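> The following block contains the structure, expressed as structure tokens.
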Amino acid sequence: MAGAQTNQRFKVLKSAEPTGTVIVMSFEDGREARYLQRRSQMRWSAMQMDLTETLCVSSQAAARCELTLPLVVADGLFIWTKHPEASRLGQEVMYLPGGGQPKQHLVEQQGVHFVSIEEQQRLGSRTLAGLKGRLSCDKFEWLTNVPNVPGRVLPTALSVASWSGETNTSTLETNVAENQAVNGGFDVQLSILNGNTYQIDNATYYTAFAGSPALVSQGPATLVTHDKQGELCQTTFNMSLGKTTQIINELREEIKNVTPVQGPFPIDILTRIEFSMKGIATNAESATFAGAFE
Amino acid sequence: MKPLLMVGWALSFGLIFQAKAETIGDFAKLNRLSQVIRGHGPTQGERAELETALRLGNGARFLETKTDQYLASDQHAFKMRVRLEELFRLKTAARLLGREGGSPSLFESEYHEKNALTYLFTEMGRQNRSWDDLLIAKDYRLFPSERFAVIQGIGVNDYGFMAALIPDLKSLSGTYSSELSNETHRDVRFSGNDPRVAGAITTSRFMTRFVTTGLNKNRKRAAEVFRVFLCDSMSAAIPSTEGKDDQIFDLMLPHDQSMTENEIRTMAQQSDSLHGSRPDCNACHFKLDPMGRTFLTSPFALSAQASPGALSFKRGQQIVKVPVKGIGELGAAITQQPEYVSCQVDHFWSWFMGSRHKLSDARRAQLSAEFDRVGRRTNDFIKILLKQPEFFELGRLMSEAEIRAQHVKTFLKKCQDCHKDQYNSNSDDGSFPDFTKWPIGGSADEMARWTRKISRAMDLAHDGESPVMPPRTAPWRTSLREVNLLKSWIADGAPDETGRRTVAP
């Protein structure tokens with residue numbers, strides 16, 4: 001019985017090769033599997049941000065903004081490269097948790113990856129020119145304190161002290177789901193692209209929440225900036241991801257027909273999150289699992 | 001020597017006990033010291049040692065030595081941690097150990113054990129730290145606890161939480177970083193006047209427990225700081241989380257939102273006078289909003305940029321307002337208020353004396369001075385409490401009348417929590433009498449007048465069907481049980497603790 005075989009030990013080996021990071025699961029019993037990815041095209045997606053409240057300017061002028069970020073949908077999977085049964089070679093490694101539970105994919109399926117500050121920072125010198133996010137608004141008074149009049153001159157560069165996104169979720173302290181700020185960035189640096197668009201250059205700190213990117217949230221986003229007097233103030237937006245969801249669904253269809261490849265993706269999405277989702281801590285030298293791999 | 005024996009005594013001495021207290025024997029003393037400090041009774045060996053000491057006439061010295069030993073024990077440090085967890089309405093270690101049924105997942109226990117706040121709480125007793133450190137400590141032990149951030153989706157861990165202030169933690173914290181830390185923890189220290197950090201309230205665990213949103217504007221956090229450190233409970237008086245989570249969560253949920261933020265803000269700006277057009281909102285928000293501002297830049301992790309705000313509250317009819325540059329200064333400002341000192345004395349009193357003894361105003365003042373005298377050090381102050389005559393006095397049962405009066409006062413305290421800061425347009429000086437000080441208003445006539453008003457305000461005649469109090473804007477409603485409690489109490493002539501009527505029925 002395959003399911004009865006438990007506690008299969010393996011190591012996760014990573015090696016940097018010209019084609020990118022090679023990730024291999026090496027089992028104690030001699031089997032080996034290699035990590036490959038399927039990736040979609042990159043698409044730009046615009047998320048609508050409607051100003052609901054600003055404490056930065058006295059006029060409650062509504063503003064409509066768009067946060068535009070490139071995104072891809074990617075899948076990861078391990079493919080058997082050494083296996084005593086020839087028929088398994090080239091097939092996907094499946095995880096059998098045992099206890100009558102169904103087989104599982106080993107890594108997250110069809111994960112959505114926005115190109116955002118975190119990619120910029122992770123890639124360091126390999127900066128993704130032309131792939132920086134953008135923030136466009138019909139009115140920028142809340143951000144710049146410059147009245148929305150013809151011929152206005154917006155500052156060429158500025159910084160958002162804190163950009164936070166809300167999600168409805170629970171924490172280990174309360175176990176009660178409530179809206180809460182969970183991700184975002186500090187000192188998010190913007191530089192002007194044109195009369196109604198700022199480019200998002202970087203942030204001195206960001207945190208992403210359970211795999212979603214720093215600046216994207218399902219719930220409202222709150223930006224802390226400076227008012228005319230130079231004092232901190234906040235502006236809150238309702239986010240709507242409608243169009244983005246549509247793009248994601250299209251890309252998800254698309255990757256079903258893509259052949260898995262190893263190698264550099266423009267965005268080097270490492271698999272830690274995906275691993276972790278199955279409980280594999282990748283810093284572990286080796287991991288033991290209750291359950292088997294087939 | 002079962003403590004239950006005391007019940008018998010109490011029954012016979014019952015009501016006359018307050019004045020002339022009986023203390024317990026030496027073995028019972030050792031037992032009480034051990035129970036209260038360590039959470040379990042003395043060992044067989046310790047009893048034998050006490051016997052010997054008593055024979056040699058060294059009983060008192062022996063108990064003193066034992067007190068010091070117990071205070072130096074890990075169990076004491078752990079008990080203080082649990083008390084603090086309860087005070088902050090966090091999940092307590094006792095719960096996690098499964099004593100309350102259900103065992104925690106591995107992640108849960110690792111998360112609750114290994115974080116900067118749990119560590120600080122434990123250090124209070126272990127290192128005899130100054131109690132003020134809960135608000136002003138600048139040193140932390142940080143734990144990476146990487147997995148929670150990713151798997152349980154709870155935002156950031158200690159490393160991620162502090163990484164904006166300590167950049168080299170960043171590479172070890174972001175959920176996308178590929179290399180993990182091999183460190184088990186890291187000790188960090190900020191300068192003594194760093195406006196960005198403030199002991200317990202700038203920890204990941206605190207901010208994860210008390211989350212914020214664009215609408216909430218850190219008021220939940222501010223309310224918690226007021227409740228824990230200034231004993232100013234703006235929602236309701238709640239003893240602890242044990243078994244009462246539902247009640248607490250009801251209270252935490254946002255209340256009436258009929259008023260726009262803009263209106264609140266306008267009022268907050270006029271907050272130097274409490275007579276705004278909506279004084280009912282302002283009464284709490286003139287305190288919450290300026291304090292909430294100090295958290296403004298740190299919604300999900302701690303920001304490297306301090307956010308100015310203010311500590312503001314009412315002392316009698318006077319408004320105290322201390323502008324601060326950030327949370328760090330806020331913490332320090334709180335420790336300078338007399339309200340903070342007496343509030344902490346109250347916490348200690350209830351931990352070490354329980355409800356057996358009420359703390360009078362004079363005793364509170366005296367103990368507050370002692371708290372200062374010992375540099376507000378945790379164990380040093382506990383030792384002072386253990387030397388108070390009340391500590392070894394026999395417990396006693398409360399009479400029916402006392403229990404009833406206490407229930408009524410506990411309820412009326414919730415009204416008082418709001419009224420103390422409100423403007424009353426129906427009175428000459430704008431003030432309210434304290435409903436928990438009987439006779440309300442100072443005389444039998446006034447008491448009668450006020451019970452009628454309370455009756456009307458709560459619509460007791462119709463079982464609380466359309467009450468005007470608490471107002472719609474309050475974060476809580478009266479339960480039917482409370483309506484019945486008040487209704488029967490007033491119908492019986494509003495009896496006090498001795499069972500004596502304060503008004504004619």
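Residue numbering restarts at 1 in every chain; chains get A, B, ... in the order shown in the structure tokens, and ligands count up from 1 in that same order.
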Need to verify the contact set: Glu53 (chain A), 8 Å, only C-alpha atoms, exclusion of same-chain residues closer than 2 positions in sequence. Can you return it as a list in words?

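Near neighbours after the sequence-gap exclusion: Leu51, Leu55, Gln60, Thr235, Thr236 and Phe237 of chain A.
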
> Take the residues from that selection and write them out as a CSV table (one decimal), in the first residue's frame, keeping C-alpha atoms.


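Okay, this is what ended up in again.csv:
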chain,number,residue,atom,x,y,z
A,51,LEU,CA,-10.7,57.8,-2.1
A,55,LEU,CA,-7.5,63.9,6.6
A,60,GLN,CA,-13.2,66.2,0.9
A,235,THR,CA,-6.0,59.0,3.3
A,236,THR,CA,-8.0,55.8,2.8
A,237,PHE,CA,-9.1,54.2,-0.4

> Considering only helix (DSSP H, G or I) as DSSP defines it on the backbone, what residues of region 20-55 of chain B qualify? List them as a CSV table (one decimal) with C-alpha atoms, in the first residue's frame.


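To be explicit, this is the file written out as part18.csv:
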chain,number,residue,atom,x,y,z
B,26,ASP,CA,2.0,29.7,60.1
B,27,PHE,CA,1.4,26.6,57.9
B,28,ALA,CA,-1.4,28.4,56.2
B,29,LYS,CA,0.8,31.4,55.7
B,30,LEU,CA,3.5,29.3,54.0
B,31,ASN,CA,0.7,27.7,51.9
B,32,ARG,CA,-0.7,31.1,50.9
B,33,LEU,CA,2.7,32.5,50.0
B,34,SER,CA,3.5,29.5,47.9
B,35,GLN,CA,0.1,29.5,46.2
B,36,VAL,CA,0.0,33.1,45.4
B,37,ILE,CA,3.6,33.5,44.3
B,38,ARG,CA,4.3,30.1,42.6
B,44,GLN,CA,6.6,18.3,52.0
B,45,GLY,CA,10.2,19.3,52.7
B,46,GLU,CA,9.3,22.9,53.1
B,47,ARG,CA,6.6,22.1,55.6
B,48,ALA,CA,9.1,20.1,57.6
B,49,GLU,CA,11.6,23.0,57.5
B,50,LEU,CA,8.9,25.3,58.7
B,51,GLU,CA,8.2,23.0,61.6
B,52,THR,CA,11.8,23.0,62.6
B,53,ALA,CA,12.0,26.8,62.3
B,54,LEU,CA,8.9,27.2,64.4
B,55,ARG,CA,10.4,25.0,67.1

> Report, in Å to a single decimal, how far apart CA of Ile382 (chain B) and CA of Pro42 (chain B) are.

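Distance between the two atoms: 18.7 Å.
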
> So that I can check the surroundings of Phe27 (chain A), please list as number ranges by chain every protein, DNA and RNA residue that reaches within 7 Å of it, counting only C-alpha atoms and ignoring chain neighbours fewer than 5 positions away.

A: 9-11, 32

> Val22 (chain A): which residues within 10 Å, counting only C-alpha atoms, same-chain residues fewer than 5 positions away excluded, as a list in words?

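Near neighbours after the sequence-gap exclusion: Leu13, Lys14, Ser15, Ala16, Glu17, Arg34, Tyr35, Leu36, Gln262, Gly263 and Pro264 of chain A.
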
> Please provide as a list in words all residues within 10 Å of Met94 (chain A), with the sequence filter that same-chain residues fewer than 6 positions apart are discarded (counting only C-alpha atoms).

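Near Met94 (chain A), the qualifying residues are Leu77, Phe78, Ile79, Trp80, Lys103, Gln104, His105, Leu106, Val107, Ala292, Phe293 and Glu294 of chain A.
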
> Write a file of the just-selected residues containing C-alpha atoms, as a PDB file, in the first residue's frame.


ATOM      1  CA  LEU A  77       5.769  21.390  -9.733  1.00  0.00           C
ATOM      2  CA  PHE A  78       8.370  18.759  -9.017  1.00  0.00           C
ATOM      3  CA  ILE A  79       9.074  16.258 -11.772  1.00  0.00           C
ATOM      4  CA  TRP A  80      10.635  12.862 -11.050  1.00  0.00           C
ATOM      5  CA  LYS A 103      -3.283  13.120  -3.264  1.00  0.00           C
ATOM      6  CA  GLN A 104      -2.047  16.681  -3.308  1.00  0.00           C
ATOM      7  CA  HIS A 105       0.084  18.831  -5.520  1.00  0.00           C
ATOM      8  CA  LEU A 106       3.277  19.611  -3.717  1.00  0.00           C
ATOM      9  CA  VAL A 107       3.344  23.301  -4.428  1.00  0.00           C
ATOM     10  CA  ALA A 292       4.599   9.617   1.153  1.00  0.00           C
ATOM     11  CA  PHE A 293       5.603  10.998  -2.215  1.00  0.00           C
ATOM     12  CA  GLU A 294       4.591   9.248  -5.345  1.00  0.00           C
TER      13      GLU A 294
END

> Counting only C-alpha atoms, which residue out of A:Gly242, A:Gly133, A:Gly90, A:Pro220 sits closest to chain B?

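Smallest distance to chain B is found for A:Pro220.
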
> Near region 225-236 of chain B, counting only C-alpha atoms, which residues have an atom at most 9 Å away, once you skip same-chain residues fewer than 5 positions from it, shown as a ChimeraX atom specification?

/B:87-88,135,201,220,251-252,284,287-288,291,334-335,337,339-344,346-347,411,413-415,417-418,474-476

> Restricting it to N, CA and C atoms, dump the selection as a PDB file, in the first residue's frame.


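Dumped everything to selection-v6.pdb:
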ATOM      1  N   LEU B  87      -4.294  40.523  31.812  1.00  0.00           N
ATOM      2  CA  LEU B  87      -4.546  41.956  31.874  1.00  0.00           C
ATOM      3  C   LEU B  87      -4.652  42.560  30.474  1.00  0.00           C
ATOM      4  N   PHE B  88      -3.782  42.111  29.573  1.00  0.00           N
ATOM      5  CA  PHE B  88      -3.780  42.622  28.204  1.00  0.00           C
ATOM      6  C   PHE B  88      -4.793  41.903  27.315  1.00  0.00           C
ATOM      7  N   LEU B 135       6.075  50.222  29.620  1.00  0.00           N
ATOM      8  CA  LEU B 135       5.808  51.382  28.768  1.00  0.00           C
ATOM      9  C   LEU B 135       7.060  52.049  28.225  1.00  0.00           C
ATOM     10  N   ILE B 201       4.025  47.967  24.300  1.00  0.00           N
ATOM     11  CA  ILE B 201       3.053  48.381  23.282  1.00  0.00           C
ATOM     12  C   ILE B 201       3.647  48.514  21.888  1.00  0.00           C
ATOM     13  N   LYS B 220      -8.478  51.216  18.804  1.00  0.00           N
ATOM     14  CA  LYS B 220      -8.508  49.987  19.589  1.00  0.00           C
ATOM     15  C   LYS B 220      -7.239  49.903  20.441  1.00  0.00           C
ATOM     16  N   LEU B 251     -17.922  43.636  22.567  1.00  0.00           N
ATOM     17  CA  LEU B 251     -17.597  45.009  22.919  1.00  0.00           C
ATOM     18  C   LEU B 251     -16.607  45.613  21.955  1.00  0.00           C
ATOM     19  N   MET B 252     -15.766  44.778  21.407  1.00  0.00           N
ATOM     20  CA  MET B 252     -14.718  45.320  20.548  1.00  0.00           C
ATOM     21  C   MET B 252     -15.248  45.725  19.188  1.00  0.00           C
ATOM     22  N   CYS B 284     -15.076  60.112  24.732  1.00  0.00           N
ATOM     23  CA  CYS B 284     -14.044  59.094  24.607  1.00  0.00           C
ATOM     24  C   CYS B 284     -13.007  59.504  23.576  1.00  0.00           C
ATOM     25  N   LYS B 287      -9.757  61.452  24.023  1.00  0.00           N
ATOM     26  CA  LYS B 287      -8.658  60.699  24.617  1.00  0.00           C
ATOM     27  C   LYS B 287      -8.057  59.729  23.602  1.00  0.00           C
ATOM     28  N   LEU B 288      -8.950  59.014  22.895  1.00  0.00           N
ATOM     29  CA  LEU B 288      -8.484  57.952  22.002  1.00  0.00           C
ATOM     30  C   LEU B 288      -7.744  58.473  20.781  1.00  0.00           C
ATOM     31  N   MET B 291      -4.070  59.810  21.091  1.00  0.00           N
ATOM     32  CA  MET B 291      -3.166  58.709  21.406  1.00  0.00           C
ATOM     33  C   MET B 291      -3.014  57.787  20.202  1.00  0.00           C
ATOM     34  N   ILE B 334       2.903  58.595  30.203  1.00  0.00           N
ATOM     35  CA  ILE B 334       1.910  57.878  31.018  1.00  0.00           C
ATOM     36  C   ILE B 334       2.489  57.537  32.387  1.00  0.00           C
ATOM     37  N   THR B 335       3.760  57.089  32.395  1.00  0.00           N
ATOM     38  CA  THR B 335       4.340  56.675  33.675  1.00  0.00           C
ATOM     39  C   THR B 335       4.467  57.850  34.644  1.00  0.00           C
ATOM     40  N   GLN B 337       2.050  60.003  35.253  1.00  0.00           N
ATOM     41  CA  GLN B 337       0.745  60.415  35.765  1.00  0.00           C
ATOM     42  C   GLN B 337       0.419  59.672  37.068  1.00  0.00           C
ATOM     43  N   GLU B 339      -2.428  58.860  37.969  1.00  0.00           N
ATOM     44  CA  GLU B 339      -3.468  57.886  37.625  1.00  0.00           C
ATOM     45  C   GLU B 339      -2.845  56.542  37.229  1.00  0.00           C
ATOM     46  N   TYR B 340      -1.678  56.616  36.592  1.00  0.00           N
ATOM     47  CA  TYR B 340      -0.986  55.391  36.195  1.00  0.00           C
ATOM     48  C   TYR B 340      -0.554  54.626  37.439  1.00  0.00           C
ATOM     49  N   VAL B 341       0.023  55.339  38.384  1.00  0.00           N
ATOM     50  CA  VAL B 341       0.526  54.682  39.590  1.00  0.00           C
ATOM     51  C   VAL B 341      -0.620  54.013  40.349  1.00  0.00           C
ATOM     52  N   SER B 342      -1.704  54.744  40.574  1.00  0.00           N
ATOM     53  CA  SER B 342      -2.762  54.124  41.371  1.00  0.00           C
ATOM     54  C   SER B 342      -3.424  52.988  40.607  1.00  0.00           C
ATOM     55  N   CYS B 343      -3.446  53.098  39.296  1.00  0.00           N
ATOM     56  CA  CYS B 343      -4.017  52.015  38.485  1.00  0.00           C
ATOM     57  C   CYS B 343      -3.166  50.750  38.622  1.00  0.00           C
ATOM     58  N   GLN B 344      -1.849  50.915  38.595  1.00  0.00           N
ATOM     59  CA  GLN B 344      -0.987  49.730  38.706  1.00  0.00           C
ATOM     60  C   GLN B 344      -1.106  49.126  40.103  1.00  0.00           C
ATOM     61  N   ASP B 346      -3.726  49.118  41.858  1.00  0.00           N
ATOM     62  CA  ASP B 346      -4.974  48.344  41.820  1.00  0.00           C
ATOM     63  C   ASP B 346      -4.770  46.961  41.205  1.00  0.00           C
ATOM     64  N   HIS B 347      -4.017  46.918  40.093  1.00  0.00           N
ATOM     65  CA  HIS B 347      -3.773  45.602  39.473  1.00  0.00           C
ATOM     66  C   HIS B 347      -3.077  44.670  40.463  1.00  0.00           C
ATOM     67  N   PHE B 411     -22.420  46.798  37.246  1.00  0.00           N
ATOM     68  CA  PHE B 411     -23.168  47.268  36.080  1.00  0.00           C
ATOM     69  C   PHE B 411     -23.106  48.796  35.977  1.00  0.00           C
ATOM     70  N   LYS B 413     -20.984  50.767  36.994  1.00  0.00           N
ATOM     71  CA  LYS B 413     -19.636  51.222  36.661  1.00  0.00           C
ATOM     72  C   LYS B 413     -19.516  51.470  35.151  1.00  0.00           C
ATOM     73  N   LYS B 414     -20.244  50.669  34.371  1.00  0.00           N
ATOM     74  CA  LYS B 414     -20.184  50.853  32.923  1.00  0.00           C
ATOM     75  C   LYS B 414     -20.791  52.200  32.529  1.00  0.00           C
ATOM     76  N   CYS B 415     -21.818  52.609  33.239  1.00  0.00           N
ATOM     77  CA  CYS B 415     -22.425  53.926  32.981  1.00  0.00           C
ATOM     78  C   CYS B 415     -21.422  55.009  33.403  1.00  0.00           C
ATOM     79  N   ASP B 417     -18.193  54.780  33.584  1.00  0.00           N
ATOM     80  CA  ASP B 417     -17.034  54.844  32.681  1.00  0.00           C
ATOM     81  C   ASP B 417     -17.232  55.897  31.601  1.00  0.00           C
ATOM     82  N   CYS B 418     -18.467  56.082  31.201  1.00  0.00           N
ATOM     83  CA  CYS B 418     -18.725  57.077  30.165  1.00  0.00           C
ATOM     84  C   CYS B 418     -19.040  58.433  30.808  1.00  0.00           C
ATOM     85  N   ALA B 474     -22.993  54.276  22.381  1.00  0.00           N
ATOM     86  CA  ALA B 474     -22.106  53.510  23.257  1.00  0.00           C
ATOM     87  C   ALA B 474     -21.786  52.171  22.608  1.00  0.00           C
ATOM     88  N   PRO B 475     -20.612  51.637  22.919  1.00  0.00           N
ATOM     89  CA  PRO B 475     -20.239  50.384  22.268  1.00  0.00           C
ATOM     90  C   PRO B 475     -20.902  49.155  22.890  1.00  0.00           C
ATOM     91  N   TRP B 476     -21.834  49.318  23.789  1.00  0.00           N
ATOM     92  CA  TRP B 476     -22.468  48.140  24.399  1.00  0.00           C
ATOM     93  C   TRP B 476     -23.948  48.405  24.651  1.00  0.00           C
TER      94      TRP B 476
END

> For chain B, which of A:Lys139, A:Lys243, A:His226, A:Lys256 is the closest residue, counting only C-alpha atoms?

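Comparing A:Lys139, A:Lys243, A:His226, A:Lys256 against chain B, the winner is A:His226.
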
> Measure the distance from CA of Arg31 (chain A) to CA of Ser87 (chain A) in Å and round it to one decimal.

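Separation between CA of Arg31 (chain A) and CA of Ser87 (chain A): 13.4 Å.
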
> Here is a test: counting only C-alpha atoms, which residue of A:Glu250, A:Asp227, A:Glu66, A:Asp187 is nearest to Ser159 (chain A)?

A:Asp187

> Considering only C-alpha atoms, can you say which of B:Ala332, B:Val211, B:Met447, B:Leu311 comes closest to Thr167 (chain A)?

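Ranked by minimum distance to Thr167 (chain A), first place goes to B:Val211.
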
> Do you have the CA of Val73 (chain A)-CA of Pro102 (chain A) distance handy?

24.9 Å

> Identify which of the residues B:Thr473, B:Thr502, B:Gln422, B:Ser191 lies closest to Gly441 (chain B), counting only C-alpha atoms when measuring atom-to-atom distances.

B:Thr502

> Would you pick out the contacts of Ala198 (chain B) at 7 Å or less, using only C-alpha atoms, so that residues sharing its chain but fewer than 5 positions from it are not included, and give the list as a list in words?

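Within the cut-off, the hits are Leu135, Ile136, Ala137, Lys138, Ile327, Gly328 and Gly331 of chain B.
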
> I need the chosen residues saved as an mmCIF file, in the first residue's frame, with N, CA, C and O atoms.


data_model
loop_
_atom_site.group_PDB
_atom_site.id
_atom_site.type_symbol
_atom_site.label_atom_id
_atom_site.label_comp_id
_atom_site.auth_asym_id
_atom_site.auth_seq_id
_atom_site.Cartn_x
_atom_site.Cartn_y
_atom_site.Cartn_z
ATOM 1 N N LEU B 135 6.075 50.222 29.620
ATOM 2 C CA LEU B 135 5.808 51.382 28.768
ATOM 3 C C LEU B 135 7.060 52.049 28.225
ATOM 4 O O LEU B 135 6.992 52.801 27.253
ATOM 5 N N ILE B 136 8.189 51.839 28.881
ATOM 6 C CA ILE B 136 9.369 52.611 28.449
ATOM 7 C C ILE B 136 10.579 51.762 28.085
ATOM 8 O O ILE B 136 11.591 52.308 27.667
ATOM 9 N N ALA B 137 10.492 50.444 28.226
ATOM 10 C CA ALA B 137 11.674 49.620 27.919
ATOM 11 C C ALA B 137 12.128 49.866 26.483
ATOM 12 O O ALA B 137 11.304 50.049 25.588
ATOM 13 N N LYS B 138 13.435 49.901 26.300
ATOM 14 C CA LYS B 138 13.985 50.091 24.948
ATOM 15 C C LYS B 138 14.786 48.867 24.528
ATOM 16 O O LYS B 138 15.482 48.885 23.529
ATOM 17 N N ILE B 327 5.323 57.203 20.075
ATOM 18 C CA ILE B 327 4.861 56.239 21.080
ATOM 19 C C ILE B 327 5.805 56.196 22.267
ATOM 20 O O ILE B 327 5.378 56.050 23.409
ATOM 21 N N GLY B 328 7.117 56.322 21.977
ATOM 22 C CA GLY B 328 8.105 56.266 23.046
ATOM 23 C C GLY B 328 7.841 57.334 24.101
ATOM 24 O O GLY B 328 7.829 57.058 25.302
ATOM 25 N N GLY B 331 4.632 56.576 26.114
ATOM 26 C CA GLY B 331 4.834 55.628 27.212
ATOM 27 C C GLY B 331 5.416 56.325 28.428
ATOM 28 O O GLY B 331 4.935 56.156 29.559
#

> Which residue gives the smallest distance to Glu254 (chain A) among A:Met42, A:Ile23, A:Val224, A:Leu154, with only C-alpha atoms counted?

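Result for the nearest residue to Glu254 (chain A): A:Met42.
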